[in-house]
Amino acid sequence: MRKKLITAIPPDEILKIKEISKARVEIKILEAEAYFGMPRWRIVIDGSDGEVEKFMGVLMRSRAGG
């Protein structure tokens, strides 16, 4: 499965979330155009369906504050 996101989450935080999730996914981080001066990142996540969903679950919870 491949999932693509555009986000304002800094690359170092994305990689930290990957470590916390223990998901076996490959993450590619590319710079996207700024949005109202705020840097944004294009994230490509590759892995099995279950592993990508595992990473996405931790990502959503970590950014939602719980």
# chains A, B, ... in the order shown; residues from 1 in each chain; ligands from 1
>>> residues_around(residues="stretch 40-44 of chain A", least_positions_apart="4", cutoff="12 Å", atoms="only C-alpha atoms", output="PyMOL selection string")
chain A and resi 1-15+25-36+52+56
